[in-house]
Amino acid sequence: MAPSAEDLGKELEATAQDVLGKLKSGQVFQSGWDTAAFVVFITFIGTVLFLLLLVIIHCCCCCDSPRSQKWNPKGVDNLALEP
């Protein structure tokens, strides 16, 4: 069965009190592993946001150029692959 709204409210209040207690005590993380996991998570989020910023910059700067330019292959044809 689904918990009642009162039970959810009590659980949410207990969680909020726990978080506030940890913030007041200055010990947000329980161990070094928690700190390391948080650093890895923040690094991942930062990398994703940086890549998203690069995509937005690329679209804003490069998408205005005409796409009708033909692709000009460079190099030498490999005639050994011809039948």
# chains A, B, ... in the order shown; residues from 1 in each chain; ligands from 1
$ select_by_dssp --residues "chain A" --states "helix (DSSP H, G or I)" --output "number ranges by chain"
A: 5-25, 32-62, 79-81
$ atom_distance --atom1 "atom CA of Cys59 of chain A" --atom2 "atom CA of Gly46 of chain A"
20.0 Å
$ atom_distance --atom1 "atom CA of Ala37 of chain A" --atom2 "atom CA of Gln17 of chain A"
23.0 Å
$ atom_distance --atom1 "atom CA of Leu49 of chain A" --atom2 "atom CA of Ser31 of chain A"
27.5 Å
